[in-house]
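S.K.: Please find one structure pasted underneath; my questions will follow.
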Amino acid sequence: MPRRAPSGISKQMRLRRRAEFLSVQSEGNKLHGRHVLAIARRRSDVDVPAGPRGRLGLTVTKKVGNAVVRNRIKRLLREWMRRNNWVPAGWDVVLVAKDSAARQLHPDDFATDLTRILRQLS
């Protein structure tokens, strides 16, 4: 049986450590959307372990909803980003879900926010 190419988010494509999230949040530019706040920072050459790809971090706080709701929001955001080529190369982006994100039921419900945010980064 032939293997499918992995379409998920690899370790190199994620922000994984608290220090990485904090550096993006302290040094990055904020881009507001209706359902998502994006904080983006251009990576310097010192941060090369990620290679040429952009990296993504997702934050959904408890005030947005319970664990089921928070995980659904993260799944929807990851799915939209997967379908639309992730993050532009050379950028670290943290997406912070707003309260209104809890009422979104499909990845395309985030399309207007995320399309505008990614266009501003490119």
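Labeling convention for the structure tokens: chains A, B, ... as they appear, residues from 1 per chain, ligands from 1 in order of appearance.
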Please identify every residue of range 29-73 of chain A that has at least one atom no farther than 10 Å from an atom of range 94-104 of chain A, counting only C-alpha atoms, and for each give the shortest atom pair and the distance in Å to one decimal, arranged by chain then increasing number, as JSON lines.
M.R.:
{"residue": "A:Lys30", "atom": "CA", "partner": "A:Val94", "partner_atom": "CA", "distance": 9.6}
{"residue": "A:Leu31", "atom": "CA", "partner": "A:Leu95", "partner_atom": "CA", "distance": 9.6}
{"residue": "A:His32", "atom": "CA", "partner": "A:Val96", "partner_atom": "CA", "distance": 9.8}
{"residue": "A:Gly33", "atom": "CA", "partner": "A:Lys98", "partner_atom": "CA", "distance": 9.0}
{"residue": "A:Arg34", "atom": "CA", "partner": "A:Ser100", "partner_atom": "CA", "distance": 7.6}
{"residue": "A:His35", "atom": "CA", "partner": "A:Ala101", "partner_atom": "CA", "distance": 5.0}
{"residue": "A:Val36", "atom": "CA", "partner": "A:Ala97", "partner_atom": "CA", "distance": 4.7}
{"residue": "A:Leu37", "atom": "CA", "partner": "A:Val96", "partner_atom": "CA", "distance": 5.0}
{"residue": "A:Ala38", "atom": "CA", "partner": "A:Leu95", "partner_atom": "CA", "distance": 4.6}
{"residue": "A:Ile39", "atom": "CA", "partner": "A:Val94", "partner_atom": "CA", "distance": 5.2}
{"residue": "A:Ala40", "atom": "CA", "partner": "A:Val94", "partner_atom": "CA", "distance": 6.4}
{"residue": "A:Arg41", "atom": "CA", "partner": "A:Val94", "partner_atom": "CA", "distance": 8.9}
{"residue": "A:Arg55", "atom": "CA", "partner": "A:Val94", "partner_atom": "CA", "distance": 8.5}
{"residue": "A:Leu56", "atom": "CA", "partner": "A:Val94", "partner_atom": "CA", "distance": 5.9}
{"residue": "A:Gly57", "atom": "CA", "partner": "A:Val94", "partner_atom": "CA", "distance": 4.5}
{"residue": "A:Leu58", "atom": "CA", "partner": "A:Leu95", "partner_atom": "CA", "distance": 5.0}
{"residue": "A:Thr59", "atom": "CA", "partner": "A:Val96", "partner_atom": "CA", "distance": 4.8}
{"residue": "A:Val60", "atom": "CA", "partner": "A:Ala97", "partner_atom": "CA", "distance": 5.3}
{"residue": "A:Thr61", "atom": "CA", "partner": "A:Ala97", "partner_atom": "CA", "distance": 7.6}
{"residue": "A:Lys62", "atom": "CA", "partner": "A:Asp99", "partner_atom": "CA", "distance": 9.8}
{"residue": "A:Lys63", "atom": "CA", "partner": "A:Asp99", "partner_atom": "CA", "distance": 7.3}
{"residue": "A:Val64", "atom": "CA", "partner": "A:Asp99", "partner_atom": "CA", "distance": 4.9}
{"residue": "A:Gly65", "atom": "CA", "partner": "A:Ala102", "partner_atom": "CA", "distance": 6.9}
{"residue": "A:Asn66", "atom": "CA", "partner": "A:Ala102", "partner_atom": "CA", "distance": 9.8}
{"residue": "A:Val69", "atom": "CA", "partner": "A:Ala102", "partner_atom": "CA", "distance": 6.4}
{"residue": "A:Arg70", "atom": "CA", "partner": "A:Ala102", "partner_atom": "CA", "distance": 7.6}
{"residue": "A:Arg72", "atom": "CA", "partner": "A:Ala102", "partner_atom": "CA", "distance": 8.4}
{"residue": "A:Ile73", "atom": "CA", "partner": "A:Ala102", "partner_atom": "CA", "distance": 6.7}
S.K.: Just to be explicit: take each residue in the selection above, keep C-alpha atoms, and write the result as a short mmCIF file (atom, residue, chain, number, x, y, z; two decimals), in the first residue's frame.
M.R.:
data_model
loop_
_atom_site.label_atom_id
_atom_site.label_comp_id
_atom_site.auth_asym_id
_atom_site.auth_seq_id
_atom_site.Cartn_x
_atom_site.Cartn_y
_atom_site.Cartn_z
CA LYS A 30 -0.01 42.65 16.19
CA LEU A 31 -2.50 42.14 13.39
CA HIS A 32 -6.12 42.15 14.53
CA GLY A 33 -8.84 40.09 12.92
CA ARG A 34 -12.43 39.46 13.85
CA HIS A 35 -11.85 36.03 15.39
CA VAL A 36 -8.05 35.89 15.68
CA LEU A 37 -5.22 38.12 16.84
CA ALA A 38 -1.98 37.38 15.01
CA ILE A 39 1.38 38.34 16.43
CA ALA A 40 4.11 38.06 13.81
CA ARG A 41 7.87 38.48 13.99
CA ARG A 55 6.60 28.67 12.08
CA LEU A 56 3.16 28.71 13.67
CA GLY A 57 2.02 28.78 17.29
CA LEU A 58 -1.59 28.60 18.45
CA THR A 59 -2.96 29.99 21.70
CA VAL A 60 -6.52 29.49 22.90
CA THR A 61 -7.14 30.60 26.48
CA LYS A 62 -9.62 29.11 28.93
CA LYS A 63 -11.86 32.16 28.71
CA VAL A 64 -12.73 31.12 25.12
CA GLY A 65 -14.29 27.84 26.26
CA ASN A 66 -13.73 24.41 27.74
CA VAL A 69 -14.04 24.03 22.32
CA ARG A 70 -10.38 25.06 22.57
CA ARG A 72 -11.80 22.36 18.04
CA ILE A 73 -10.63 25.93 17.43
#
S.K.: Identify, on the basis of only C-alpha atoms, every residue whose closest approach to Leu114 in chain A does not exceed 9 Å; exclude the query and any residue fewer than 2 positions from it along the same chain; express the result as a list in words.
M.R.: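 Listed by chain and then number, they are Gly33, Val36, Ala38, Leu77, Trp80, Met81, Phe110, Ala111, Thr112, Arg116, Ile117, Leu118 and Arg119 of chain A.
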S.K.: Just the selected residues (C-alpha atoms), exported as a PDB file, in the first residue's frame, please.
M.R.:
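That gives us selection17.pdb:
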ATOM      1  CA  GLY A  33      -8.843  40.090  12.921  1.00  0.00           C
ATOM      2  CA  VAL A  36      -8.052  35.893  15.677  1.00  0.00           C
ATOM      3  CA  ALA A  38      -1.978  37.377  15.005  1.00  0.00           C
ATOM      4  CA  LEU A  77      -7.067  26.935  12.498  1.00  0.00           C
ATOM      5  CA  TRP A  80      -7.130  26.284   7.304  1.00  0.00           C
ATOM      6  CA  MET A  81      -3.398  26.969   7.522  1.00  0.00           C
ATOM      7  CA  PHE A 110     -11.568  32.031   9.674  1.00  0.00           C
ATOM      8  CA  ALA A 111     -10.741  32.694   6.009  1.00  0.00           C
ATOM      9  CA  THR A 112     -11.244  36.471   5.929  1.00  0.00           C
ATOM     10  CA  ARG A 116      -5.771  39.283   5.304  1.00  0.00           C
ATOM     11  CA  ILE A 117      -3.124  38.480   7.932  1.00  0.00           C
ATOM     12  CA  LEU A 118      -1.096  36.275   5.571  1.00  0.00           C
ATOM     13  CA  ARG A 119      -1.355  38.869   2.802  1.00  0.00           C
TER      14      ARG A 119
END
S.K.: So how many Å separate CA of Gly8 in chain A and CA of Arg42 in chain A, to one decimal?
M.R.: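 These two atoms are separated by 22.9 Å.
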S.K.: Restricting the calculation to only C-alpha atoms, which member of A:Ser23, A:His106, A:Arg17, A:Lys74 is positioned closest to Arg43 in chain A?
M.R.: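 Ranking A:Ser23, A:His106, A:Arg17, A:Lys74 by distance to Arg43 in chain A, first place goes to A:Ser23.
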S.K.: For a quick check of understanding, using only C-alpha atoms, which of A:Asn85, A:Val68, A:Asp92, A:Asn29 has the smallest distance to Leu15 in chain A?
M.R.: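 Of A:Asn85, A:Val68, A:Asp92, A:Asn29, the one nearest Leu15 in chain A is A:Asp92, counting only C-alpha atoms.
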S.K.: Where does DSSP see strand (DSSP E or B) in chain A, if you list the residues as a ChimeraX atom specification?
M.R.: /A:14,29-32,36-42,55-59,91-97
S.K.: Taking only C-alpha atoms into account, name the residue in A:Ala67, A:Ser44, A:Arg75, A:Glu20 that is nearest to Leu105 in chain A.
M.R.: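 Comparing A:Ala67, A:Ser44, A:Arg75, A:Glu20 against Leu105 in chain A, the winner is A:Arg75.
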S.K.: Between CA of Asn84 in chain A and CA of Asn71 in chain A, what is the distance in Å, rounded to a tenth?
M.R.: 20.0 Å
S.K.: According to DSSP computed on the backbone, where in range 52-88 of chain A is there alpha helix (DSSP H)? Give the residues as a PyMOL selection string.
M.R.: chain A and resi 67-83
S.K.: Can I get the selection written as a JSON list (two decimals), in the first residue's frame, with C-alpha atoms?
M.R.:
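Final output, part-v9.json:
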[["chain", "number", "residue", "atom", "x", "y", "z"],
["A", 67, "ALA", "CA", -11.14, 21.93, 26.47],
["A", 68, "VAL", "CA", -13.41, 20.56, 23.75],
["A", 69, "VAL", "CA", -14.04, 24.03, 22.32],
["A", 70, "ARG", "CA", -10.38, 25.06, 22.57],
["A", 71, "ASN", "CA", -9.18, 21.92, 20.79],
["A", 72, "ARG", "CA", -11.80, 22.36, 18.04],
["A", 73, "ILE", "CA", -10.63, 25.93, 17.43],
["A", 74, "LYS", "CA", -7.01, 24.77, 17.18],
["A", 75, "ARG", "CA", -7.99, 21.98, 14.77],
["A", 76, "LEU", "CA", -9.93, 24.42, 12.58],
["A", 77, "LEU", "CA", -7.07, 26.93, 12.50],
["A", 78, "ARG", "CA", -4.48, 24.25, 11.69],
["A", 79, "GLU", "CA", -6.70, 22.86, 8.92],
["A", 80, "TRP", "CA", -7.13, 26.28, 7.30],
["A", 81, "MET", "CA", -3.40, 26.97, 7.52],
["A", 82, "ARG", "CA", -2.63, 23.51, 6.04],
["A", 83, "ARG", "CA", -4.91, 24.15, 3.07]]
S.K.: What is the CA of Phe21 in chain A to CA of Asp109 in chain A distance in Å?
M.R.: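 Those two atoms sit 25.0 Å apart.
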S.K.: Rank A:Arg53, A:Pro88, A:Lys11, A:Val93 by their smallest atom-to-atom distance to Val24 in chain A, using only C-alpha atoms, and report the top residue only.
M.R.: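 Of A:Arg53, A:Pro88, A:Lys11, A:Val93, the one nearest Val24 in chain A is A:Val93, counting only C-alpha atoms.
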